[in-house]
Amino acid sequence: MEKPADPRSRRRFGSRTGTLDDLAASPYRADRDRIVGSPFFARLAGVTQVISPGGSGLLVHNRLTHSLKVAQVGRAVAERLAGDERYRDLLEKLGGCDPDVVEAAALAHDLGHPPFGHLGEYVLDRLARQRLGLPDGFEGNAQSYRIVTSTEIRGAATIGLDLTAAVRAAMLKYPWTRSGYPDPHPSRFDPPPRGATPPPDEPGSGAAKFGAYGTEEADLRQAREPFAGRITDWQQTVEASIMDTADDIAYAIHDLEDFHRVGVLQQGAVGAELLAWQRERGLFQRLTEPALREAPRRPGASIERLRRQLHRKDGWISDDDAFAAAVEHVRVELVDGLLAAPFDGSIESEQRVAGFSARWTRRFVEAITVEPQPTVRSGHVLLGVAQWHEVQVLKLVHHRFVLARPDLALHQRGQARALATLVEALLEWLLDPTEEARLPQRLHDLVELAEAELHPRTPERDARARGRAIVDFVAALTDGQAVALLDALSGRSGQLWTDAFVL
């Protein structure tokens, strides 16, 4: 089935691939099938994108529908670039651009996303580092990589999904570990690549975002071997860069669709923010930083803060004229277009949402280019200057009018408390010597896996193994399973048999 001479198609455990009964002839299509057939992929239907699926019905995206859209956009970009004569030689020189690889990586990129969205990621990372003694903490991208290489159990051994090197490399948005690989580590660059900045609560701990835990470093190195000498150690492969860009595009567009559908995005509020900055652009640009901070809710202030942030972090592409044009384009398309009439479920309103999504997606996909020598803050695949600024403004609208809402904050604070309580309850259970025989089998297996990865055996190693097992266990739950498990452990549930242990 596979060509051994092609290093991109090499698997970590190639001799065992026959046990998986692949139906596809292409090794990359086989990878796609393995990912879609995994229970970790199915669970994404019950995991938060922004609002928990259990509390929002079918109107908003979950992690599964998000992943499908990223795969759709990513494949379209890969097919377009691979068929463009201008880029053919460059793509080959950089290591290849296969639409099947991009699609598989896009489908897998959120497998490790924990319950309750990015909030869950933040809470688990803090608990892992500060409570469970794990230097690597928790990171959703690294957890996805761990799933496809370690914790997904198939056949007689724990080998992950045994994906090809090309697909594993394409999953690596951040192709480094938290602090050890590569050397010099990207967190020490000035400026660092996107995601490599250390977390603010622990400045010397390495990168806040990273693609693999230390336990998977050997696997990361093997996945990147076919690209040695083609791209730098810390740079994304072309296929990873396409997946990352597609993720940004999907996020920028469909989250706005969601909150228009549920009535959260209001034309008046969004329009006031954009128009205020446009009308008083010169005044805003003359404001000192202290003056800008003193008026956090003043209409237009968040736009100005974004403009300054882009200059600080992304001076390589940030441009005031392009930024102003992006604000105007978003105002016309979003405020005067999509938000001009409330969503009422009618055919007309559905068509308006579909048209908005299609226009923006096509605009972004057609503006993507390949850069042979990108800056440290960019991948080889990037949006045009105008479209890059438009993505930033669209994401700002989402942050300002959705993520900053007090009602969402109230909901998320409760979820953060619930997740912390669940971790403590599981740790207490693991430490109870009288209950060892009655632990959930999967939790027991995950402890054994973590113990095998950490050497030599010491009390500190045993504590870290328990911590990693708890993190792996909790990260594999849906939102509903996390709530059900906490209810059972706290004695609040009167139901003996629940779906809390499906995974």
# chains A, B, ... in the order shown; residues from 1 in each chain; ligands from 1
>>> residues_around(residues="Asp472 (chain A)", least_positions_apart="4", cutoff="8 Å", atoms="only C-alpha atoms", output="ChimeraX atom specification")
/A:143,446,468,476
>>> write_last_selection(atoms="C-alpha atoms", output="compact mmCIF listing (two decimals), in the first residue's frame")
# COMPACT_ATOMS: atom_id res chain seq x y z
CA GLN A 143 -2.86 16.94 23.36
CA LEU A 446 -3.72 6.02 31.32
CA ARG A 468 -0.81 13.22 33.29
CA ALA A 476 -11.12 13.23 26.46
>>> residues_around(residues="region 326-341 of chain A", least_positions_apart="5", cutoff="6 Å", atoms="only C-alpha atoms", output="ChimeraX atom specification")
/A:267,271,389-390
>>> closest_residue(among="A:Ala452, A:Ala475, A:Val391, A:Ala463", to="Asp248 (chain A)", atoms="only C-alpha atoms")
A:Val391
>>> atom_distance(atom1="CA of Trp234 (chain A)", atom2="CA of Leu220 (chain A)")
11.6 Å
>>> select_by_dssp(residues="region 3-186 of chain A", states="helix (DSSP H, G or I)", output="PyMOL selection string")
chain A and resi 7-9+14-20+27-36+39-46+53-55+63-82+88-94+99-108+117-130+140-151+165-171+186
